[in-house]
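First comes the structure, then the notes that go with it.
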Amino acid sequence: MKHLMFLAGLLEAAGIAEGGRDLFVGTLPSDVAKGVMLVDPLTGHEIDEGMRGFFASDFQAIVRDPDPLDGYARALAISAALTLADTGNDEVFVTWCRPMTLPISYPRGDADDIETSVRFRIGFGLKVHGD
């Protein structure tokens, strides 16, 4: 989750969304009409014993917006902001991060709210405590 918190900070710095208001990690409250969620895959991040603390995996950015064109535009802005190489902080280092897909919009739930999703591929290292 540290990597998603780091990425959320980059989205805030880019002015795309604000944490706790319309930017969330792991959940997107149902009462948020316009918002962004960063979420790890349900399968988790595979551990490679030979790559202690480094992971090559994916995550998803989900944008909720009643206007599909606005949601799509925000998803494109997220794709641009999270196209990264060699950046990080004291806890996380992102070697690469790239969108895997163009945004895709789809109806959500009974109300036909629109969500737009982008999948990303990421290579990141986490600080291993004790090292």
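Lettering and numbering for the structure tokens are positional, with chains as A, B, ... in the shown order, residues counted from 1 in each chain, and ligands counted from 1 in the shown order.
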task: Just the helix (DSSP H, G or I) stuff from stretch 61-116 of chain A, please, per backbone DSSP, written as a ChimeraX atom specification.
output: /A:68-81
Let me see the file: selected residues, all heavy atoms, as a tab-separated table (two decimals), in the first residue's frame.
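Wrote out07.tsv, looks like this:
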chain	number	residue	atom	x	y	z
A	68	PRO	N	-19.10	11.04	-18.63
A	68	PRO	CA	-18.06	10.13	-19.13
A	68	PRO	C	-16.89	10.82	-19.81
A	68	PRO	O	-15.76	10.35	-19.72
A	68	PRO	CB	-18.81	9.21	-20.10
A	68	PRO	CG	-20.16	9.78	-20.27
A	68	PRO	CD	-20.40	10.79	-19.22
A	69	LEU	N	-17.12	11.95	-20.45
A	69	LEU	CA	-16.02	12.66	-21.10
A	69	LEU	C	-15.08	13.27	-20.07
A	69	LEU	O	-13.85	13.23	-20.23
A	69	LEU	CB	-16.55	13.73	-22.05
A	69	LEU	CG	-17.30	13.21	-23.27
A	69	LEU	CD1	-17.82	14.37	-24.12
A	69	LEU	CD2	-16.44	12.28	-24.10
A	70	ASP	N	-15.64	13.82	-19.00
A	70	ASP	CA	-14.79	14.36	-17.92
A	70	ASP	C	-14.01	13.25	-17.23
A	70	ASP	O	-12.83	13.40	-16.91
A	70	ASP	CB	-15.64	15.12	-16.90
A	70	ASP	CG	-16.17	16.44	-17.43
A	70	ASP	OD1	-15.70	16.90	-18.50
A	70	ASP	OD2	-17.06	17.01	-16.77
A	71	GLY	N	-14.68	12.12	-16.99
A	71	GLY	CA	-13.99	10.99	-16.37
A	71	GLY	C	-12.86	10.47	-17.23
A	71	GLY	O	-11.78	10.15	-16.74
A	72	TYR	N	-13.11	10.39	-18.53
A	72	TYR	CA	-12.08	9.93	-19.46
A	72	TYR	C	-10.90	10.90	-19.47
A	72	TYR	O	-9.74	10.48	-19.43
A	72	TYR	CB	-12.68	9.77	-20.86
A	72	TYR	CG	-11.80	9.00	-21.81
A	72	TYR	CD1	-11.92	7.62	-21.91
A	72	TYR	CD2	-10.85	9.64	-22.59
A	72	TYR	CE1	-11.12	6.90	-22.79
A	72	TYR	CE2	-10.04	8.92	-23.46
A	72	TYR	CZ	-10.18	7.56	-23.56
A	72	TYR	OH	-9.37	6.85	-24.41
A	73	ALA	N	-11.18	12.18	-19.49
A	73	ALA	CA	-10.11	13.19	-19.49
A	73	ALA	C	-9.29	13.11	-18.21
A	73	ALA	O	-8.06	13.22	-18.24
A	73	ALA	CB	-10.71	14.59	-19.66
A	74	ARG	N	-9.96	12.89	-17.09
A	74	ARG	CA	-9.23	12.77	-15.82
A	74	ARG	C	-8.38	11.51	-15.81
A	74	ARG	O	-7.25	11.52	-15.31
A	74	ARG	CB	-10.22	12.76	-14.66
A	74	ARG	CG	-9.60	13.01	-13.32
A	74	ARG	CD	-10.69	13.09	-12.27
A	74	ARG	NE	-10.27	13.86	-11.12
A	74	ARG	CZ	-10.99	13.96	-10.02
A	74	ARG	NH1	-12.16	13.38	-9.91
A	74	ARG	NH2	-10.54	14.66	-9.00
A	75	ALA	N	-8.89	10.43	-16.38
A	75	ALA	CA	-8.11	9.20	-16.46
A	75	ALA	C	-6.87	9.38	-17.34
A	75	ALA	O	-5.79	8.87	-17.03
A	75	ALA	CB	-8.98	8.06	-16.99
A	76	LEU	N	-7.01	10.13	-18.43
A	76	LEU	CA	-5.84	10.43	-19.27
A	76	LEU	C	-4.82	11.27	-18.50
A	76	LEU	O	-3.61	11.06	-18.62
A	76	LEU	CB	-6.27	11.16	-20.53
A	76	LEU	CG	-6.95	10.32	-21.61
A	76	LEU	CD1	-7.41	11.21	-22.76
A	76	LEU	CD2	-6.05	9.21	-22.10
A	77	ALA	N	-5.29	12.22	-17.69
A	77	ALA	CA	-4.38	13.05	-16.88
A	77	ALA	C	-3.65	12.18	-15.86
A	77	ALA	O	-2.45	12.37	-15.60
A	77	ALA	CB	-5.16	14.17	-16.19
A	78	ILE	N	-4.35	11.22	-15.28
A	78	ILE	CA	-3.72	10.29	-14.33
A	78	ILE	C	-2.67	9.46	-15.05
A	78	ILE	O	-1.56	9.26	-14.54
A	78	ILE	CB	-4.78	9.40	-13.67
A	78	ILE	CG1	-5.65	10.24	-12.73
A	78	ILE	CG2	-4.14	8.24	-12.92
A	78	ILE	CD1	-6.91	9.55	-12.25
A	79	SER	N	-2.99	8.98	-16.26
A	79	SER	CA	-2.02	8.20	-17.04
A	79	SER	C	-0.74	9.00	-17.28
A	79	SER	O	0.36	8.46	-17.16
A	79	SER	CB	-2.64	7.78	-18.38
A	79	SER	OG	-3.67	6.86	-18.19
A	80	ALA	N	-0.89	10.26	-17.61
A	80	ALA	CA	0.29	11.11	-17.85
A	80	ALA	C	1.07	11.34	-16.55
A	80	ALA	O	2.30	11.24	-16.53
A	80	ALA	CB	-0.14	12.44	-18.46
A	81	ALA	N	0.35	11.63	-15.47
A	81	ALA	CA	1.01	11.92	-14.19
A	81	ALA	C	1.73	10.71	-13.61
A	81	ALA	O	2.72	10.86	-12.90
A	81	ALA	CB	0.00	12.47	-13.19
So which residues touch A:Thr87 within 12 Å, counting only C-alpha atoms, skipping near sequence neighbours fewer than 2 positions away, as a short mmCIF file (atom, residue, chain, number, x, y, z; two decimals) with N, CA and C atoms, in the first residue's frame?
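Below is the file that was written, out-v9.cif:
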data_model
loop_
_atom_site.label_atom_id
_atom_site.label_comp_id
_atom_site.auth_asym_id
_atom_site.auth_seq_id
_atom_site.Cartn_x
_atom_site.Cartn_y
_atom_site.Cartn_z
N HIS A 3 3.30 2.03 -1.87
CA HIS A 3 3.50 2.51 -3.24
C HIS A 3 2.27 3.29 -3.72
N PHE A 6 2.28 6.70 -2.13
CA PHE A 6 3.26 7.54 -2.82
C PHE A 6 2.67 8.07 -4.13
N LEU A 7 2.04 7.18 -4.91
CA LEU A 7 1.45 7.59 -6.18
C LEU A 7 0.30 8.57 -5.97
N LEU A 10 1.62 11.95 -5.68
CA LEU A 10 1.98 12.54 -6.97
C LEU A 10 0.74 13.10 -7.68
N LEU A 82 1.23 9.51 -13.91
CA LEU A 82 1.83 8.29 -13.35
C LEU A 82 2.68 7.53 -14.36
N THR A 83 3.09 8.19 -15.43
CA THR A 83 4.11 7.63 -16.31
C THR A 83 5.44 8.08 -15.73
N LEU A 84 6.11 7.14 -15.05
CA LEU A 84 7.24 7.49 -14.19
C LEU A 84 8.46 6.62 -14.48
N ALA A 85 9.60 7.16 -14.09
CA ALA A 85 10.85 6.40 -14.09
C ALA A 85 11.73 6.92 -12.97
N ASN A 89 10.71 7.96 -2.53
CA ASN A 89 10.96 8.63 -1.26
C ASN A 89 11.69 7.66 -0.34
N ASP A 90 11.68 7.90 0.96
CA ASP A 90 12.42 7.05 1.90
C ASP A 90 11.85 5.64 2.05
N GLU A 91 10.60 5.43 1.65
CA GLU A 91 9.94 4.15 1.83
C GLU A 91 9.72 3.36 0.53
N VAL A 92 9.60 4.09 -0.59
CA VAL A 92 9.23 3.48 -1.87
C VAL A 92 10.13 4.03 -2.97
N PHE A 93 10.55 3.16 -3.88
CA PHE A 93 11.26 3.62 -5.06
C PHE A 93 10.59 3.00 -6.28
N VAL A 94 10.07 3.83 -7.17
CA VAL A 94 9.40 3.37 -8.39
C VAL A 94 10.43 3.39 -9.52
N THR A 95 10.75 2.21 -10.03
CA THR A 95 11.69 2.10 -11.13
C THR A 95 11.01 2.46 -12.45
N TRP A 96 9.78 1.96 -12.61
CA TRP A 96 8.98 2.34 -13.77
C TRP A 96 7.50 2.25 -13.41
N CYS A 97 6.72 3.03 -14.08
CA CYS A 97 5.27 2.96 -13.98
C CYS A 97 4.71 3.47 -15.30
N ILE A 122 3.81 -1.61 -12.94
CA ILE A 122 4.73 -0.88 -12.09
C ILE A 122 5.84 -1.81 -11.60
N GLY A 123 7.04 -1.26 -11.53
CA GLY A 123 8.16 -1.92 -10.88
C GLY A 123 8.56 -1.04 -9.72
N PHE A 124 8.51 -1.57 -8.51
CA PHE A 124 8.80 -0.74 -7.35
C PHE A 124 9.51 -1.54 -6.26
N GLY A 125 10.29 -0.82 -5.50
CA GLY A 125 10.96 -1.40 -4.36
C GLY A 125 10.44 -0.79 -3.08
#
Give one line per residue of stretch 86-122 of chain A that approaches stretch 15-36 of chain A to at most 10 Å, naming the two atoms of the closest pair and their distance in Å to one decimal, counting only C-alpha atoms; sort by chain then ascending residue number and deliver it as CSV.
residue,atom,partner,partner_atom,distance
A:Asp113,CA,A:Ala33,CA,8.4
A:Ile114,CA,A:Ala33,CA,9.6
A:Glu115,CA,A:Lys34,CA,9.3
A:Thr116,CA,A:Val36,CA,9.4
A:Ser117,CA,A:Val36,CA,9.6
statement: A straight line from atom CA of A:Leu38 to atom CA of A:Gln60 spans 5.8 Å
query: atom CA of A:Ala56 to atom CA of A:Ala13: how many Å, to one decimal?
result: 24.6 Å
- request: Grab the atom CA of A:Val39 to atom CA of A:Met1 distance for me, in Å with one decimal place.
  value: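 Value for the atom CA of A:Val39-atom CA of A:Met1 distance: 8.6 Å.
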